[in-house]
Amino acid sequence: MTIPRLSDAERDAALTELSAWTLRADGLAIVRTLRFADFAEAFGFMARVAIVAEKADHHPEWFNVYNRVEITLTTHDAGGLSQRDVSLARAIDGMAGSAEG
């Protein structure tokens, strides 16, 4: 199954809606860093995202230290950003709650 990569115009339009996300320097991914009250909140957030990501068959690249979660979204099969990344970013934004960032 071929997954289409977003055009530059589609990517830019998505980023206006996803204001908490930034375009990675190479233009092939979006990134966001969130900070929670503590490790338990950060880990709980990651667990909730993991369930949604698994159902969508689209998984984030992420890094966690204590209360910080760094997330990168890209679609390797598309060679950059796809609608899958936009959809998962929206879902993540909806689950971020009171996290900073």
# chains A, B, ... in the order shown; residues from 1 in each chain; ligands from 1
>>> residues_around(residues="Leu23 (chain A)", least_positions_apart="3", cutoff="10 Å", atoms="only C-alpha atoms", output="CSV table (one decimal) with C-alpha atoms, in the first residue's frame")
chain,number,residue,atom,x,y,z
A,11,ARG,CA,1.9,20.3,5.0
A,12,ASP,CA,1.8,24.1,5.6
A,15,LEU,CA,0.9,23.1,10.5
A,26,ASP,CA,14.7,18.6,6.9
A,27,GLY,CA,11.0,19.2,6.3
A,28,LEU,CA,10.2,15.5,6.6
A,29,ALA,CA,8.7,15.3,10.1
A,30,ILE,CA,6.9,17.3,12.7
A,31,VAL,CA,8.1,17.4,16.3
A,32,ARG,CA,6.6,18.4,19.7
A,72,THR,CA,8.5,13.0,16.1
A,73,LEU,CA,6.0,12.0,13.5
A,81,LEU,CA,4.8,13.7,6.2
>>> residues_around(residues="Ser82 (chain A)", least_positions_apart="6", cutoff="7 Å", atoms="only C-alpha atoms", output="compact mmCIF listing (two decimals) with N, CA and C atoms, in the first residue's frame")
# COMPACT_ATOMS: atom_id res chain seq x y z
N PRO A 4 0.52 8.36 0.31
CA PRO A 4 0.97 9.60 -0.34
C PRO A 4 1.57 10.59 0.66
N ARG A 5 2.64 11.20 0.23
CA ARG A 5 3.30 12.25 1.01
C ARG A 5 2.53 13.55 0.80
N LEU A 6 2.41 14.34 1.87
CA LEU A 6 1.73 15.62 1.76
C LEU A 6 2.53 16.56 0.86
N THR A 75 6.16 9.59 8.16
CA THR A 75 5.71 8.34 7.56
C THR A 75 6.82 7.84 6.66
>>> select_by_dssp(residues="chain A", states="helix (DSSP H, G or I)", output="PyMOL selection string")
chain A and resi 8-17+39-56+76-78+83-95
>>> write_last_selection(atoms="N, CA and C atoms", output="compact mmCIF listing (two decimals), in the first residue's frame")
# COMPACT_ATOMS: atom_id res chain seq x y z
N ASP A 8 3.79 20.38 -0.16
CA ASP A 8 4.23 21.48 0.71
C ASP A 8 3.04 22.32 1.17
N ALA A 9 2.08 22.56 0.27
CA ALA A 9 0.90 23.35 0.63
C ALA A 9 0.04 22.62 1.67
N GLU A 10 -0.14 21.31 1.49
CA GLU A 10 -0.91 20.52 2.46
C GLU A 10 -0.20 20.50 3.81
N ARG A 11 1.11 20.33 3.80
CA ARG A 11 1.90 20.32 5.02
C ARG A 11 1.77 21.66 5.74
N ASP A 12 1.91 22.76 5.00
CA ASP A 12 1.83 24.09 5.62
C ASP A 12 0.44 24.36 6.19
N ALA A 13 -0.60 23.92 5.50
CA ALA A 13 -1.96 24.09 5.99
C ALA A 13 -2.16 23.29 7.28
N ALA A 14 -1.63 22.08 7.33
CA ALA A 14 -1.75 21.26 8.54
C ALA A 14 -1.02 21.90 9.71
N LEU A 15 0.14 22.48 9.44
CA LEU A 15 0.91 23.09 10.52
C LEU A 15 0.24 24.34 11.09
N THR A 16 -0.58 25.03 10.31
CA THR A 16 -1.31 26.17 10.87
C THR A 16 -2.33 25.70 11.89
N GLU A 17 -2.89 24.51 11.66
CA GLU A 17 -3.84 23.93 12.61
C GLU A 17 -3.12 23.31 13.81
N PHE A 39 6.92 11.86 36.21
CA PHE A 39 7.12 10.70 35.34
C PHE A 39 5.84 9.91 35.14
N ALA A 40 5.07 9.73 36.19
CA ALA A 40 3.85 8.93 36.08
C ALA A 40 2.88 9.54 35.06
N GLU A 41 2.74 10.85 35.07
CA GLU A 41 1.86 11.51 34.10
C GLU A 41 2.41 11.37 32.68
N ALA A 42 3.72 11.53 32.53
CA ALA A 42 4.34 11.39 31.21
C ALA A 42 4.15 9.97 30.68
N PHE A 43 4.38 8.99 31.54
CA PHE A 43 4.27 7.59 31.12
C PHE A 43 2.82 7.22 30.81
N GLY A 44 1.90 7.73 31.62
CA GLY A 44 0.47 7.49 31.36
C GLY A 44 0.05 8.07 30.02
N PHE A 45 0.54 9.25 29.71
CA PHE A 45 0.27 9.88 28.42
C PHE A 45 0.80 9.00 27.28
N MET A 46 2.02 8.52 27.44
CA MET A 46 2.62 7.67 26.41
C MET A 46 1.80 6.39 26.21
N ALA A 47 1.30 5.84 27.29
CA ALA A 47 0.50 4.62 27.19
C ALA A 47 -0.80 4.90 26.42
N ARG A 48 -1.43 6.04 26.69
CA ARG A 48 -2.66 6.39 25.98
C ARG A 48 -2.39 6.60 24.49
N VAL A 49 -1.29 7.28 24.18
CA VAL A 49 -0.92 7.49 22.78
C VAL A 49 -0.61 6.15 22.11
N ALA A 50 0.07 5.26 22.82
CA ALA A 50 0.43 3.96 22.25
C ALA A 50 -0.81 3.18 21.81
N ILE A 51 -1.87 3.25 22.57
CA ILE A 51 -3.10 2.53 22.22
C ILE A 51 -3.70 3.09 20.93
N VAL A 52 -3.77 4.41 20.84
CA VAL A 52 -4.30 5.06 19.64
C VAL A 52 -3.40 4.78 18.44
N ALA A 53 -2.10 4.88 18.63
CA ALA A 53 -1.15 4.65 17.54
C ALA A 53 -1.24 3.22 17.03
N GLU A 54 -1.37 2.27 17.93
CA GLU A 54 -1.45 0.87 17.53
C GLU A 54 -2.71 0.62 16.70
N LYS A 55 -3.82 1.20 17.12
CA LYS A 55 -5.08 1.04 16.37
C LYS A 55 -4.96 1.65 14.97
N ALA A 56 -4.19 2.75 14.86
CA ALA A 56 -4.02 3.41 13.57
C ALA A 56 -2.89 2.79 12.75
N HIS A 76 7.52 6.84 7.12
CA HIS A 76 8.67 6.32 6.37
C HIS A 76 8.25 5.82 5.00
N ASP A 77 7.09 5.16 4.90
CA ASP A 77 6.63 4.64 3.61
C ASP A 77 6.31 5.75 2.61
N ALA A 78 6.05 6.95 3.11
CA ALA A 78 5.76 8.09 2.23
C ALA A 78 7.00 8.94 1.99
N GLN A 83 -0.93 12.15 5.73
CA GLN A 83 -2.14 12.43 6.50
C GLN A 83 -2.15 11.63 7.79
N ARG A 84 -1.48 10.49 7.82
CA ARG A 84 -1.39 9.69 9.05
C ARG A 84 -0.72 10.50 10.17
N ASP A 85 0.30 11.25 9.83
CA ASP A 85 0.99 12.06 10.84
C ASP A 85 0.09 13.17 11.36
N VAL A 86 -0.63 13.80 10.45
CA VAL A 86 -1.55 14.87 10.85
C VAL A 86 -2.63 14.32 11.77
N SER A 87 -3.20 13.18 11.41
CA SER A 87 -4.25 12.58 12.23
C SER A 87 -3.73 12.19 13.61
N LEU A 88 -2.54 11.60 13.67
CA LEU A 88 -1.99 11.21 14.96
C LEU A 88 -1.62 12.44 15.79
N ALA A 89 -1.12 13.49 15.15
CA ALA A 89 -0.80 14.73 15.87
C ALA A 89 -2.07 15.33 16.49
N ARG A 90 -3.15 15.31 15.74
CA ARG A 90 -4.43 15.81 16.28
C ARG A 90 -4.85 14.99 17.51
N ALA A 91 -4.73 13.68 17.39
CA ALA A 91 -5.11 12.81 18.51
C ALA A 91 -4.21 13.09 19.72
N ILE A 92 -2.92 13.23 19.50
CA ILE A 92 -1.98 13.53 20.58
C ILE A 92 -2.34 14.86 21.24
N ASP A 93 -2.65 15.86 20.43
CA ASP A 93 -3.04 17.15 20.98
C ASP A 93 -4.26 17.02 21.88
N GLY A 94 -5.19 16.16 21.48
CA GLY A 94 -6.40 15.95 22.27
C GLY A 94 -6.14 15.22 23.58
N MET A 95 -5.05 14.47 23.65
CA MET A 95 -4.71 13.72 24.86
C MET A 95 -3.72 14.44 25.76
>>> atom_distance(atom1="CA of Glu100 (chain A)", atom2="CA of Trp62 (chain A)")
16.4 Å
>>> atom_distance(atom1="CA of Ala37 (chain A)", atom2="CA of Ser98 (chain A)")
8.9 Å
>>> select_by_dssp(residues="region 2-91 of chain A", states="strand (DSSP E or B)", output="count of residues only")
21
>>> atom_distance(atom1="CA of Ala99 (chain A)", atom2="CA of Gly80 (chain A)")
26.8 Å
>>> closest_residue(among="A:Val65, A:Ala20, A:Ile3, A:Ala25", to="Asp38 (chain A)", atoms="only C-alpha atoms")
A:Val65
